Every structure is written in C-alpha cells, then in structure tokens.
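*Asks:* To be precise about what I am sending: the file is called run.tsv and holds TSV, C-alpha atoms.
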chain	number	residue	atom	x	y	z
A	1	MET	CA	86.41	148.35	6.85
A	2	GLY	CA	86.20	151.82	8.41
A	3	LYS	CA	83.36	154.30	7.94
A	4	THR	CA	85.52	156.53	5.72
A	5	ALA	CA	86.55	153.61	3.51
A	6	GLU	CA	82.90	152.54	3.22
A	7	LYS	CA	81.85	156.04	2.15
A	8	ILE	CA	84.67	156.23	-0.40
A	9	LEU	CA	83.81	152.78	-1.76
A	10	LEU	CA	80.09	153.56	-1.96
A	11	GLY	CA	80.86	156.84	-3.73
A	12	ALA	CA	83.13	155.07	-6.20
A	13	ILE	CA	80.51	152.40	-6.86
A	14	CYS	CA	77.81	155.01	-7.43
A	15	ALA	CA	80.08	157.10	-9.66
A	16	ALA	CA	81.13	154.08	-11.71
A	17	GLY	CA	77.60	152.84	-12.15
A	18	ILE	CA	75.79	156.14	-12.57
A	19	SER	CA	75.70	156.00	-16.36
A	20	LEU	CA	74.68	152.35	-16.32
A	21	SER	CA	72.27	152.16	-13.44
A	22	GLY	CA	72.39	155.26	-11.30
A	23	CYS	CA	72.41	155.42	-7.56
A	24	THR	CA	68.75	155.83	-6.71
A	25	ASP	CA	66.35	153.85	-4.60
A	26	SER	CA	64.20	152.23	-7.29
A	27	ALA	CA	64.21	148.45	-7.54
A	28	ARG	CA	66.32	148.38	-10.70
A	29	ASN	CA	68.69	151.11	-9.50
A	30	SER	CA	68.97	149.96	-5.93
A	31	PRO	CA	71.78	151.37	-3.85
A	32	VAL	CA	74.44	149.29	-2.24
A	33	ARG	CA	74.05	149.35	1.52
A	34	PHE	CA	76.72	148.44	4.05
A	35	VAL	CA	74.98	146.84	7.01
A	36	GLU	CA	75.81	145.15	10.29
A	37	ARG	CA	75.47	141.36	10.36
A	38	SER	CA	72.87	141.63	13.13
A	39	THR	CA	70.53	143.67	10.90
A	40	VAL	CA	70.42	140.88	8.31
A	41	PHE	CA	70.91	137.70	10.30
A	42	SER	CA	68.90	137.33	13.49
A	43	GLU	CA	68.93	134.34	15.83
A	44	ASN	CA	65.15	134.46	16.19
A	45	GLU	CA	64.43	134.88	12.49
A	46	GLU	CA	62.95	132.04	10.47
A	47	LEU	CA	64.97	130.94	7.47
A	48	ASN	CA	63.92	132.79	4.35
A	49	PRO	CA	63.95	130.36	1.40
A	50	LEU	CA	64.30	133.30	-1.03
A	51	ARG	CA	67.39	134.76	0.66
A	52	LEU	CA	70.47	134.86	-1.57
A	53	VAL	CA	73.79	135.03	0.27
A	54	ILE	CA	77.10	135.30	-1.55
A	55	GLU	CA	80.01	134.39	0.69
A	56	ILE	CA	83.58	135.29	-0.22
A	57	ASN	CA	86.27	133.14	1.37
A	58	GLU	CA	89.92	134.01	1.98
A	59	ASN	CA	90.94	132.59	-1.42
A	60	GLY	CA	88.41	134.73	-3.31
A	61	LYS	CA	86.08	131.80	-3.94
A	62	LEU	CA	82.38	132.59	-4.06
A	63	THR	CA	79.46	130.54	-2.84
A	64	LEU	CA	75.79	131.25	-3.44
A	65	ASN	CA	73.78	129.85	-0.53
A	66	LYS	CA	76.70	127.51	0.31
A	67	ILE	CA	77.04	126.21	-3.30
A	68	GLU	CA	80.27	126.96	-5.18
A	69	ALA	CA	79.70	129.83	-7.60
A	70	GLY	CA	83.05	130.88	-9.07
A	71	THR	CA	85.65	133.36	-7.89
A	72	LEU	CA	86.05	137.09	-7.52
A	73	SER	CA	88.18	137.06	-10.67
A	74	ASP	CA	85.55	135.11	-12.64
A	75	THR	CA	81.94	135.76	-11.67
A	76	THR	CA	80.47	134.30	-14.87
A	77	PHE	CA	78.90	131.26	-13.19
A	78	LEU	CA	77.46	133.37	-10.35
A	79	SER	CA	76.02	135.93	-12.77
A	80	GLU	CA	74.39	133.28	-14.94
A	81	LYS	CA	72.95	131.49	-11.91
A	82	LEU	CA	71.45	134.73	-10.58
A	83	LYS	CA	69.96	135.62	-13.97
A	84	THR	CA	68.31	132.18	-14.06
A	85	ILE	CA	67.01	132.53	-10.50
A	86	PHE	CA	65.57	135.99	-11.18
A	87	THR	CA	64.00	134.88	-14.47
A	88	ASP	CA	62.35	131.92	-12.72
A	89	ARG	CA	61.15	134.16	-9.91
A	90	LYS	CA	59.67	136.64	-12.38
A	91	LYS	CA	57.74	133.83	-14.07
A	92	ALA	CA	56.41	132.81	-10.65
A	93	ALA	CA	55.48	136.44	-9.80
A	94	ILE	CA	58.13	136.59	-7.04
A	95	SER	CA	59.80	139.97	-6.89
A	96	ALA	CA	62.56	139.13	-4.36
A	97	ARG	CA	65.96	140.01	-5.85
A	98	GLU	CA	67.88	141.03	-2.73
A	99	VAL	CA	71.45	139.75	-2.55
A	100	ILE	CA	73.62	139.77	0.55
A	101	ILE	CA	77.41	139.81	0.20
A	102	LEU	CA	79.16	138.21	3.15
A	103	PRO	CA	82.94	138.70	2.97
A	104	GLU	CA	84.74	136.29	5.28
A	105	TYR	CA	87.97	138.27	4.91
A	106	LYS	CA	89.08	141.73	3.77
A	107	VAL	CA	88.15	142.17	0.12
A	108	GLU	CA	89.97	144.75	-1.99
A	109	ASN	CA	87.75	147.67	-3.01
A	110	GLU	CA	88.25	147.02	-6.72
A	111	GLU	CA	87.21	143.37	-6.35
A	112	LEU	CA	84.11	144.33	-4.37
A	113	GLU	CA	83.19	147.04	-6.90
A	114	LYS	CA	83.46	144.53	-9.77
A	115	LEU	CA	81.33	141.97	-7.92
A	116	ILE	CA	78.67	144.57	-7.13
A	117	GLU	CA	78.57	145.76	-10.74
A	118	ASP	CA	78.21	142.14	-11.93
A	119	LEU	CA	75.34	141.67	-9.46
A	120	ARG	CA	73.62	144.80	-10.77
A	121	ILE	CA	73.96	143.56	-14.34
A	122	SER	CA	72.40	140.29	-13.15
A	123	ASP	CA	69.43	142.40	-11.92
A	124	ALA	CA	70.07	141.98	-8.18
A	125	ALA	CA	68.42	144.64	-6.05
A	126	PRO	CA	69.02	145.70	-3.35
A	127	ILE	CA	72.59	144.63	-2.67
A	128	LEU	CA	73.58	144.46	1.00
A	129	VAL	CA	77.22	144.16	2.05
A	130	ILE	CA	77.89	142.83	5.53
A	131	LYS	CA	80.58	145.08	6.95
A	132	ASP	CA	81.47	143.15	10.10
A	133	ARG	CA	83.19	139.84	9.64
A	134	ARG	CA	82.73	137.01	12.15
Re-express the file's structure as structure tokens.
*Replies:*
Amino acid sequence: MGKTAEKILLGAICAAGISLSGCTDSARNSPVRFVERSTVFSENEELNPLRLVIEINENGKLTLNKIEAGTLSDTTFLSEKLKTIFTDRKKAAISAREVIILPEYKVENEELEKLIEDLRISDAAPILVIKDRR
C-alpha cells in the first residue's frame, strides 16, 4: 500500500468514524496507525502475553493470536472475543487494549475500514496496521 493510499484510507476511516468515535489520541478514540513490521515485531523482543494480533489471510479469514476468528465479511466472532478479553482485562485492572492488524495479502480499503470500525466498537485502542507484508 503506497503512502498516498494510506493517507486516503486513514482520512476515510477518520471521517467515517468521527461522529462515532472521533480521530483523537485518547484511549477510547485512538487513531489508526500504519506502521512498519519492524516497529512492532522485533527479533530481540520478549513475547508479550497481552499482545493481540489479527492476521488476515489471502482468503479473508481472520485469526486472533493464531486462533480462527471469523472472516472479513463476518467479524462477529472476533468482535465478541475481543469484548470478552477487554472485559476480563478491565476486571483484572489491565488496561492493554492494543490490537495489531497483520494483513498477509492486499486487503481492499472497504474491508479494512469495516474491520477497523468493528475493532473500535469492540473497544480496541490503539489499532496498528502493519503496512509491509512478509
């Protein structure tokens, strides 16, 4: 995805979600950030047990930390799982709600926008999108 396409997508996401959640930097209204893989995944980094990674395969299937979690066309299971995780974390006084989206192929902008909006509704914040595929 090129820089221009990323800016257009980010602008569309912010515009679409502005009435619902805005595009600010608070925890609840966290922006979507497009990041390089190397800024999120480091060879020397210890595994973070609270890290939530959503992978999207070439068939549009989603996994949450390597466990099947629905599809781009039906994110219901993923959304419910995240809501449960965040509720449990809140009860345990754990504030971590960061979600990383790892597309393994080119995802259409509309599909990515819908997934991001579903993640926001699930209370994920911040949302990081890996922009460089393997």
*Asks:* May I ask which of the residues A:Tyr105, A:Phe77, A:Phe34, A:Phe41 is the closest one to Pro126 in chain A, counting all atoms listed in the file?
*Replies:*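 Of the candidates, the smallest distance to Pro126 in chain A is held by A:Phe34.
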*Asks:* Quick one: residues within 7 Å of range 48-61 of chain A, all atoms listed in the file, excluding same-chain residues fewer than 2 positions away - as a ChimeraX atom specification?
*Replies:* /A:46,63-65,70-72,96,98-105
*Asks:* May I ask which of the residues A:Val32, A:Leu47, A:Val40, A:Leu78 is the closest one to Ala125 in chain A, counting only C-alpha atoms?
*Replies:*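 Among the listed residues, the smallest separation from Ala125 in chain A belongs to A:Val32.
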*Asks:* Measure the distance from CA of Lys114 in chain A to CA of Glu68 in chain A in Å and round it to one decimal.
*Replies:*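 A separation of 18.4 Å between them.
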*Asks:* So which one's closest to Ser95 in chain A, A:Asp123, A:Glu111, A:Glu117, A:Asp74? Using all atoms listed in the file, please.
*Replies:*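 Nearest candidate to Ser95 in chain A out of A:Asp123, A:Glu111, A:Glu117, A:Asp74: A:Asp123.
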